[in-house]
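See structure below.
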Amino acid sequence: MSTTDAPAAVKVPAAVEKSVVKFVAEHGGSGTAVLQYLGEQGVRITLVGADGILGDRVVADLATAKALVERVDGLTETDEWDRELGSIVTPTAQHWGRMAGWVAHQTRFPKARNWKLFAGA
């Protein structure tokens with residue numbers, strides 16, 4: 001391949017693009033995408049809507065993530081969480097439950113694994 005060859009077009013999964021377009025439309029018409037490399041799993045695209053609601057999708061690689069951001073109107077890209085972006089985030093109650101995982105539905109919690117270190121403190 002010579003250096004003058006054009007790079008191959010990146011294929012963005014249609015289902016991912018459709019869900020991101022819907023997210024942006026439902027949450028103020030604009031948003032920010034924070035791109036976070038996950039290793040072999042790909043790249044997490046954390047979406048922050050104009051109203052502060054969170055969403056996320058995972059794609060295969062950084063090129064796909066960047067192509068997705070370019071294709072969605074109203075979506076801008078950043079690679080870090082700054083103070084301004086963090087200050088507008090307002091997770092929904094359902095989001096808190098998903099982040100908590102199995103703990104969200106517990107009525108009795110197990111002791112912390114390191115409870116002996118803090119006993120009598």
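Quick note on naming: the chains in the structure tokens go A, B, ... in the order shown, residues restart at 1 in each chain, and ligands are numbered from 1 in order of appearance.
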Exercise for review: Write out as a ChimeraX atom specification all residues of region 40-74 of chain A that backbone DSSP assigns to strand (DSSP E or B).
Suggested key: /A:43-49,54-59
With distances taken over only C-alpha atoms, the candidate from A:Asp61, A:Asp51, A:Asp73, A:Asp56 nearest Leu85 (chain A) is A:Asp51
Neighbouring residues of Lys22 (chain A) were defined as those with any atom within 12 Å, considering only C-alpha atoms; residues of the same chain fewer than 2 positions away were excluded. Please report them as a CSV table (one decimal) with all heavy atoms, in the first residue's frame.
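Result file follows (result09.csv):
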chain,number,residue,atom,x,y,z
A,15,ALA,N,-27.0,-0.3,14.0
A,15,ALA,CA,-27.8,-0.3,15.3
A,15,ALA,C,-27.2,0.7,16.3
A,15,ALA,O,-27.9,1.4,17.0
A,15,ALA,CB,-27.9,-1.7,15.9
A,16,VAL,N,-25.9,0.8,16.4
A,16,VAL,CA,-25.2,1.7,17.3
A,16,VAL,C,-25.5,3.1,16.9
A,16,VAL,O,-25.8,4.0,17.7
A,16,VAL,CB,-23.7,1.4,17.3
A,16,VAL,CG1,-23.0,2.5,18.2
A,16,VAL,CG2,-23.4,0.0,17.9
A,17,GLU,N,-25.3,3.4,15.6
A,17,GLU,CA,-25.6,4.7,15.1
A,17,GLU,C,-27.0,5.2,15.3
A,17,GLU,O,-27.3,6.3,15.8
A,17,GLU,CB,-25.3,4.8,13.6
A,17,GLU,CG,-25.4,6.2,13.1
A,17,GLU,CD,-25.1,6.4,11.6
A,17,GLU,OE1,-24.5,5.4,11.0
A,17,GLU,OE2,-25.3,7.5,11.0
A,18,LYS,N,-28.0,4.3,15.1
A,18,LYS,CA,-29.4,4.6,15.3
A,18,LYS,C,-29.7,4.9,16.8
A,18,LYS,O,-30.4,5.9,17.1
A,18,LYS,CB,-30.2,3.4,14.8
A,18,LYS,CG,-31.7,3.7,14.9
A,18,LYS,CD,-32.5,2.5,14.4
A,18,LYS,CE,-34.0,2.7,14.5
A,18,LYS,NZ,-34.8,1.5,14.1
A,19,SER,N,-29.1,4.1,17.7
A,19,SER,CA,-29.3,4.3,19.1
A,19,SER,C,-28.7,5.6,19.6
A,19,SER,O,-29.3,6.3,20.4
A,19,SER,CB,-28.8,3.2,19.9
A,19,SER,OG,-27.4,3.1,19.9
A,20,VAL,N,-27.5,6.0,19.0
A,20,VAL,CA,-26.9,7.3,19.5
A,20,VAL,C,-27.7,8.5,18.9
A,20,VAL,O,-27.9,9.5,19.6
A,20,VAL,CB,-25.4,7.3,19.0
A,20,VAL,CG1,-24.8,8.6,19.3
A,20,VAL,CG2,-24.6,6.2,19.8
A,24,VAL,N,-29.3,11.3,21.3
A,24,VAL,CA,-29.1,12.8,21.2
A,24,VAL,C,-30.4,13.5,21.0
A,24,VAL,O,-30.7,14.6,21.6
A,24,VAL,CB,-28.1,13.1,20.0
A,24,VAL,CG1,-28.0,14.5,19.7
A,24,VAL,CG2,-26.7,12.5,20.4
A,25,ALA,N,-31.3,13.0,20.2
A,25,ALA,CA,-32.6,13.6,19.9
A,25,ALA,C,-33.4,13.7,21.2
A,25,ALA,O,-34.1,14.7,21.4
A,25,ALA,CB,-33.3,12.9,18.8
A,26,GLU,N,-33.4,12.7,22.0
A,26,GLU,CA,-34.3,12.6,23.2
A,26,GLU,C,-33.7,13.5,24.3
A,26,GLU,O,-34.4,13.8,25.3
A,26,GLU,CB,-34.4,11.2,23.7
A,26,GLU,CG,-35.3,10.3,22.8
A,26,GLU,CD,-35.3,8.9,23.3
A,26,GLU,OE1,-34.6,8.5,24.2
A,26,GLU,OE2,-36.2,8.1,22.7
A,27,HIS,N,-32.4,13.8,24.3
A,27,HIS,CA,-31.8,14.5,25.4
A,27,HIS,C,-31.2,15.9,25.0
A,27,HIS,O,-30.1,16.2,25.4
A,27,HIS,CB,-30.8,13.6,26.0
A,27,HIS,CG,-31.3,12.4,26.6
A,27,HIS,ND1,-32.1,12.4,27.7
A,27,HIS,CD2,-31.3,11.1,26.1
A,27,HIS,CE1,-32.5,11.1,28.0
A,27,HIS,NE2,-32.1,10.3,27.0
A,28,GLY,N,-32.0,16.7,24.3
A,28,GLY,CA,-31.7,18.1,24.1
A,28,GLY,C,-31.1,18.4,22.7
A,28,GLY,O,-30.8,19.5,22.5
A,29,GLY,N,-31.0,17.4,21.9
A,29,GLY,CA,-30.5,17.7,20.5
A,29,GLY,C,-29.0,17.8,20.3
A,29,GLY,O,-28.5,18.0,19.2
A,30,SER,N,-28.3,17.8,21.4
A,30,SER,CA,-26.8,17.8,21.3
A,30,SER,C,-26.3,17.0,22.5
A,30,SER,O,-27.0,16.7,23.4
A,30,SER,CB,-26.3,19.3,21.4
A,30,SER,OG,-26.6,19.8,22.6
A,31,GLY,N,-25.0,16.7,22.4
A,31,GLY,CA,-24.4,16.0,23.5
A,31,GLY,C,-22.9,15.9,23.3
A,31,GLY,O,-22.3,16.3,22.3
A,47,LEU,N,-22.0,8.8,26.6
A,47,LEU,CA,-22.7,9.9,26.0
A,47,LEU,C,-23.3,10.8,27.2
A,47,LEU,O,-23.8,10.2,28.1
A,47,LEU,CB,-23.9,9.4,25.2
A,47,LEU,CG,-23.5,8.5,24.0
A,47,LEU,CD1,-24.7,7.8,23.5
A,47,LEU,CD2,-22.8,9.3,22.9
A,49,GLY,N,-25.9,13.8,27.4
A,49,GLY,CA,-26.9,14.6,26.7
A,49,GLY,C,-26.8,16.1,27.1
A,49,GLY,O,-26.3,16.4,28.2
A,55,GLY,N,-25.6,8.0,28.8
A,55,GLY,CA,-25.8,6.8,28.0
A,55,GLY,C,-24.5,6.2,27.6
A,55,GLY,O,-23.5,6.9,27.7
A,72,VAL,N,-23.0,11.7,13.6
A,72,VAL,CA,-24.1,12.1,14.4
A,72,VAL,C,-24.2,13.6,14.6
A,72,VAL,O,-23.2,14.2,15.2
A,72,VAL,CB,-24.2,11.4,15.8
A,72,VAL,CG1,-25.4,11.8,16.6
A,72,VAL,CG2,-24.2,9.9,15.6
A,73,ASP,N,-25.2,14.2,14.1
A,73,ASP,CA,-25.3,15.7,14.2
A,73,ASP,C,-25.5,16.1,15.7
A,73,ASP,O,-26.3,15.4,16.4
A,73,ASP,CB,-26.5,16.2,13.4
A,73,ASP,CG,-26.2,16.1,11.9
A,73,ASP,OD1,-25.1,16.1,11.5
A,73,ASP,OD2,-27.2,16.0,11.1
A,74,GLY,N,-24.9,17.1,16.1
A,74,GLY,CA,-25.0,17.6,17.5
A,74,GLY,C,-24.1,16.9,18.5
A,74,GLY,O,-24.2,17.3,19.7
A,75,LEU,N,-23.3,15.9,18.1
A,75,LEU,CA,-22.5,15.2,19.0
A,75,LEU,C,-21.0,15.7,18.9
A,75,LEU,O,-20.5,15.8,17.7
A,75,LEU,CB,-22.6,13.7,18.7
A,75,LEU,CG,-22.0,12.8,19.8
A,75,LEU,CD1,-22.7,12.9,21.1
A,75,LEU,CD2,-22.1,11.3,19.3
Report the distance between CA of Arg83 (chain A) and CA of Tyr37 (chain A) in Å, rounded to one decimal place.
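Interatomic distance, CA of Arg83 (chain A) to CA of Tyr37 (chain A): 20.3 Å.
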>> Which residue is closest to Ala50 (chain A)? Choose from A:Thr32, A:Thr107, A:Gln94, A:Thr64 and count only C-alpha atoms.
In response: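 Between A:Thr32, A:Thr107, A:Gln94, A:Thr64, the residue approaching Ala50 (chain A) most closely is A:Thr32.
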> Of the candidates A:Leu38, A:Val12, A:Ile53, A:Val48, which one gets nearest to Thr90 (chain A) if we count only C-alpha atoms?
Replying inline: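 Closest to Thr90 (chain A), using only C-alpha atoms: A:Ile53.
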Kindly give the distance, in Å, that separates CA of Ile45 (chain A) and CA of Lys66 (chain A), rounded to a single decimal.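 A separation of 9.5 Å between them.
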- Query: Near region 57-60 of chain A, within 7 Å and counting only C-alpha atoms, which residues show up once chain neighbours fewer than 3 positions away are dropped, as JSON, numbers by chain?
  - Reply: {"A": [41, 42, 43, 44, 45, 46, 64, 65]}
Between CA of Ala93 (chain A) and CA of Thr76 (chain A), distance in Å (one decimal):
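Here the two named atoms are 25.6 Å from each other.
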